[in-house]
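K.L.:
Below is the structure I would like to discuss, written out as structure tokens.
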Amino acid sequence: VEDSSSPGYPVYLTEDWDSGIGGGLWTTGLALGRYFATSSHFLEEFRLLRARKQEKHRNETSVRVLELGSGNGFLGVCLVTAVAVAEANETNRKANWPGIEVVVTDTAEHLSLMRATIESNLNRILPQIQQCANKRKSHTKDNCPPLSEEIMIEKIARAEEYLWGEDYDFGEKNGEPFDLIIGSDVAYRDYLHDPLIAALDEFCEPQHTVALIGVTMNDTKPIFFEKLQQRGFRFEKLADHLLGDEFGTSSRQFGVFAISKR
């Protein structure tokens with residue numbers, strides 16, 4: 001994740017294939033992570049989502065994000081880092097920086113890897129972003145207060161067990177819906193379609209929640225999208241160039257779809 005006034009914030013993870021197929025980093029996850037980290041389009045859409053929520057609640061509530069089928073926690077860390085960098089650079093940044101709460105989910109065998117990825121990266125990255133923002137503030141005349149030194153990682157990102165379509169307990173805040181759902185390579189087998197759509201149906205509030213799902217096009221059959229429509233969802237494939245030069249020319253291989261419920 002790059003910041004124009006710093007050398008960037010690398011995200012590291014330890015692959016653990018013994019935990020299952022989600023224990024490694026797939027290319028589609030890297031493509032979606034790159035979209036979060038480098039695309040002005042994503043940040044614009046994220047800020048619109050946040051503004052709509054704050055207008056509704058009349059306060060500085062954080063944007064709530066759910067990651068489905070994370071496996072290793074990489075994508076959630078990329079999202080938090082991208083938002084934290086962008087918000088730290090805002091001249092009117094909010095007191096609840098970074099203004100995001102991510103619940104990273106997968107089955108039980110992936111919990112330890114997800115937690116390790118979240119804690120090892122965000123405990124290193126977020127203080128670095130703070131220091132950079134506060135140093136920059138000392139050389140400017142903006143009226144933003146300095147970022148607080150206290151960071152509670154568990155309130156920003158945490159890993160939870162969740163089997164799609166089954167009962168869950170994320171310690172929900174009075175039933176407050178998720179604003180954004182993310183996931184990559186989550187529909188590559190036909191038997192995953194119905195449970196995944198059941199999860200989207202559970203967590204997508206109509207005309208509010210947006211799901212950004214990255215897929216490998218050759219593995220994700222048209223029947224998945226037909227089932228989405230049958231269950232009352234609409235979807236749109238993001239333009240290829242939004243994924244950057246590395247992935248934007250591979251539209252037949254990768255795709256990111258914005259999914260919402262009518």
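Chain lettering (A, B, ...) mirrors the order of the structure tokens, residue numbering begins at 1 for each chain separately, and ligand numbering begins at 1 in order of display.
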Need the shell around A:Arg115: protein/DNA/RNA residues with any atom at most 12 Å away, counting only C-alpha atoms. Skip same-chain ones fewer than 5 positions apart. Format as a list in words?
P.N.:
Leu13, Thr14, Ser70, Gly71, Asn72, Gly73, Phe74, Gly76, Val77, Val103, Val104, Thr105, Asp106, Ala108, Glu109, His110, Ser120, Asn121, Leu122, Asn123, Ile153, Glu154, Ala157, Arg158, Ala159, Glu160 and Glu161 of chain A
K.L.:
Next, write the just-selected residues to a file, as a PDB file, in the first residue's frame, keeping C-alpha atoms as the atom set.
P.N.:
ATOM      1  CA  LEU A  13       1.703 -13.178   5.498  1.00  0.00           C
ATOM      2  CA  THR A  14       2.904 -16.693   6.146  1.00  0.00           C
ATOM      3  CA  SER A  70     -10.625 -14.947   3.948  1.00  0.00           C
ATOM      4  CA  GLY A  71      -8.352 -17.921   4.552  1.00  0.00           C
ATOM      5  CA  ASN A  72      -5.299 -15.882   5.531  1.00  0.00           C
ATOM      6  CA  GLY A  73      -6.462 -12.359   6.456  1.00  0.00           C
ATOM      7  CA  PHE A  74      -4.476 -10.673   3.672  1.00  0.00           C
ATOM      8  CA  GLY A  76      -8.801  -7.468   5.140  1.00  0.00           C
ATOM      9  CA  VAL A  77      -5.390  -6.077   6.112  1.00  0.00           C
ATOM     10  CA  VAL A 103     -14.729  -8.747  10.580  1.00  0.00           C
ATOM     11  CA  VAL A 104     -12.548 -11.300   8.778  1.00  0.00           C
ATOM     12  CA  THR A 105     -14.187 -14.741   8.582  1.00  0.00           C
ATOM     13  CA  ASP A 106     -13.523 -18.314   7.560  1.00  0.00           C
ATOM     14  CA  ALA A 108     -12.123 -22.757  12.302  1.00  0.00           C
ATOM     15  CA  GLU A 109      -8.928 -24.184  10.810  1.00  0.00           C
ATOM     16  CA  HIS A 110      -8.043 -20.770   9.360  1.00  0.00           C
ATOM     17  CA  SER A 120       1.484  -8.829  12.885  1.00  0.00           C
ATOM     18  CA  ASN A 121       0.699  -6.377  10.093  1.00  0.00           C
ATOM     19  CA  LEU A 122      -1.656  -3.856  11.701  1.00  0.00           C
ATOM     20  CA  ASN A 123       0.371  -3.590  14.916  1.00  0.00           C
ATOM     21  CA  ILE A 153      -6.539  -3.394  16.769  1.00  0.00           C
ATOM     22  CA  GLU A 154      -9.397  -5.639  17.887  1.00  0.00           C
ATOM     23  CA  ALA A 157     -10.059  -5.802  12.521  1.00  0.00           C
ATOM     24  CA  ARG A 158     -10.704  -9.189  14.052  1.00  0.00           C
ATOM     25  CA  ALA A 159     -11.036 -12.793  12.895  1.00  0.00           C
ATOM     26  CA  GLU A 160     -14.183 -14.817  13.516  1.00  0.00           C
ATOM     27  CA  GLU A 161     -15.316 -18.325  12.626  1.00  0.00           C
TER      28      GLU A 161
END
K.L.:
Which residues come within 8 Å of A:Ile181, counting only C-alpha atoms, excluding same-chain residues fewer than 6 positions away, as a PDB file with C-alpha atoms, in the first residue's frame?
P.N.:
ATOM      1  CA  VAL A  65     -16.980  -4.560   6.601  1.00  0.00           C
ATOM      2  CA  LEU A  66     -17.361  -8.335   6.438  1.00  0.00           C
ATOM      3  CA  GLU A  67     -14.817 -10.507   4.642  1.00  0.00           C
ATOM      4  CA  LEU A  68     -16.082 -13.921   3.551  1.00  0.00           C
ATOM      5  CA  THR A 209     -24.803  -3.094   1.478  1.00  0.00           C
ATOM      6  CA  VAL A 210     -22.344  -3.492  -1.391  1.00  0.00           C
ATOM      7  CA  ALA A 211     -20.385  -6.715  -1.904  1.00  0.00           C
ATOM      8  CA  LEU A 212     -17.113  -6.648  -3.859  1.00  0.00           C
ATOM      9  CA  ILE A 213     -16.338 -10.197  -4.930  1.00  0.00           C
TER      10      ILE A 213
END
K.L.:
Using only C-alpha atoms, find the one residue out of A:Leu126, A:Ser39, A:Asp190, A:Asp185 that sits nearest to A:Leu25.
P.N.:
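Of A:Leu126, A:Ser39, A:Asp190, A:Asp185, the one nearest A:Leu25 is A:Asp185, counting only C-alpha atoms.
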K.L.:
Identify, with DSSP run on backbone atoms, the residues in stretch 19-209 of chain A assigned to strand (DSSP E or B), and express the list as a count of residues only.
P.N.:
22
K.L.:
When you count only C-alpha atoms, which of these residues is closest to A:Pro10: A:Asp219, A:His57, A:Thr107, A:Ile125?
P.N.:
A:Ile125
K.L.:
Any idea what's packed within 8 Å of A:Pro177, counting only C-alpha atoms, ignoring anything in its chain fewer than 2 positions away? Could you give it as a list in words?
P.N.:
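Surrounding residues, per the criterion: Arg64, Gly175, Asp179, Phe203, Cys204, Glu205 and Thr209 of chain A.
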K.L.:
Identify all residues of stretch 17-239 of chain A in helix (DSSP H, G or I) (DSSP on the backbone) and supply them as a count of residues only.
P.N.:
109
K.L.:
Any idea what's packed within 9 Å of A:Arg34, counting only C-alpha atoms, ignoring anything in its chain fewer than 5 positions away? Could you give it as a JSON list (two decimals) with N, CA and C atoms, in the first residue's frame?
P.N.:
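Final output, saved to part-v1.json:
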[["chain", "number", "residue", "atom", "x", "y", "z"],
["A", 1, "VAL", "N", 0.85, -1.18, 0.00],
["A", 1, "VAL", "CA", 0.00, 0.00, 0.00],
["A", 1, "VAL", "C", 0.88, 1.23, 0.00],
["A", 29, "GLY", "N", -7.02, -12.63, -5.09],
["A", 29, "GLY", "CA", -6.92, -11.87, -3.85],
["A", 29, "GLY", "C", -5.90, -10.76, -3.95],
["A", 39, "SER", "N", -6.40, 2.21, -6.14],
["A", 39, "SER", "CA", -7.44, 2.76, -7.00],
["A", 39, "SER", "C", -8.14, 3.95, -6.36],
["A", 78, "CYS", "N", -5.18, -5.45, 3.76],
["A", 78, "CYS", "CA", -5.00, -4.49, 2.66],
["A", 78, "CYS", "C", -6.07, -3.41, 2.70],
["A", 243, "LEU", "N", -8.31, -2.32, -12.09],
["A", 243, "LEU", "CA", -7.44, -3.26, -11.39],
["A", 243, "LEU", "C", -5.97, -2.96, -11.60],
["A", 244, "GLY", "N", -5.66, -1.94, -12.41],
["A", 244, "GLY", "CA", -4.27, -1.57, -12.64],
["A", 244, "GLY", "C", -3.66, -2.32, -13.80]]
K.L.:
Could you pull the residues within 12 Å of A:Arg234, counting only C-alpha atoms, minus those fewer than 6 positions along the same chain, as a PDB file with C-alpha atoms, in the first residue's frame?
P.N.:
ATOM      1  CA  LEU A 200     -24.852 -12.670   0.997  1.00  0.00           C
ATOM      2  CA  CYS A 204     -26.732  -7.681   2.512  1.00  0.00           C
ATOM      3  CA  PRO A 206     -31.302  -4.102   0.447  1.00  0.00           C
ATOM      4  CA  GLN A 207     -30.269  -0.841  -1.218  1.00  0.00           C
ATOM      5  CA  THR A 209     -24.803  -3.094   1.478  1.00  0.00           C
ATOM      6  CA  VAL A 210     -22.344  -3.492  -1.391  1.00  0.00           C
ATOM      7  CA  ALA A 211     -20.385  -6.715  -1.904  1.00  0.00           C
ATOM      8  CA  PHE A 225     -24.615 -15.218 -11.580  1.00  0.00           C
ATOM      9  CA  GLU A 226     -27.928 -16.704 -12.705  1.00  0.00           C
ATOM     10  CA  LYS A 227     -28.557 -17.844  -9.135  1.00  0.00           C
ATOM     11  CA  LEU A 228     -27.697 -14.372  -7.844  1.00  0.00           C
ATOM     12  CA  PHE A 257     -18.093  -7.760  -9.280  1.00  0.00           C
ATOM     13  CA  ALA A 258     -20.111  -5.239  -7.282  1.00  0.00           C
ATOM     14  CA  ILE A 259     -23.151  -7.091  -5.939  1.00  0.00           C
ATOM     15  CA  SER A 260     -26.144  -5.612  -4.139  1.00  0.00           C
ATOM     16  CA  LYS A 261     -29.630  -6.680  -3.164  1.00  0.00           C
ATOM     17  CA  ARG A 262     -32.646  -5.089  -4.764  1.00  0.00           C
TER      18      ARG A 262
END
K.L.:
What's around A:Asp201 at 9 Å? Count only C-alpha atoms, leave out sequence neighbours fewer than 6 positions away in its own chain, and write the answer as a PyMOL selection string.
P.N.:
chain A and resi 165+231-233+261
K.L.:
Any idea what's packed within 12 Å of A:Ala51, counting only C-alpha atoms, ignoring anything in its chain fewer than 6 positions away? Could you give it as JSON, numbers by chain?
P.N.:
{"A": [44, 45, 57, 58, 59, 60, 61, 62, 63, 94, 99, 179]}
K.L.:
Using only C-alpha atoms, pick whichever of A:Phe36, A:Lys135, A:Tyr12, A:Asn96 has the shortest atom-to-atom distance to A:Glu150.
P.N.:
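For A:Glu150, the nearest of the given residues is A:Asn96.
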K.L.:
Counting only C-alpha atoms, figure out which residue out of A:Ile156, A:Leu163, A:Val85, A:Ala199 gets nearest to A:Cys132.
P.N.:
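Of all the options, A:Val85 lies closest to A:Cys132.
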K.L.:
For the atom pair atom CA of A:Tyr162 and atom CA of A:Glu176, what is the interatomic distance in Å to one decimal place?
P.N.:
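Pair atom CA of A:Tyr162 / atom CA of A:Glu176 returns 17.8 Å.
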K.L.:
Identify which of the residues A:His208, A:Arg93, A:Arg136, A:Lys237 lies closest to A:Leu48, counting only C-alpha atoms when measuring atom-to-atom distances.
P.N.:
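Between A:His208, A:Arg93, A:Arg136, A:Lys237, the residue approaching A:Leu48 most closely is A:His208.
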K.L.:
If I take atom CA of A:Lys221 and atom CA of A:Leu111, how far is one from the other in Å, to one decimal?
P.N.:
28.8 Å
K.L.:
Using only C-alpha atoms, which of the listed residues (A:Ala31, A:Val11, A:Ala84, A:Ile197) sits closest to A:Gly255?
P.N.:
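Among A:Ala31, A:Val11, A:Ala84, A:Ile197, it is A:Ala31 that comes nearest to A:Gly255.
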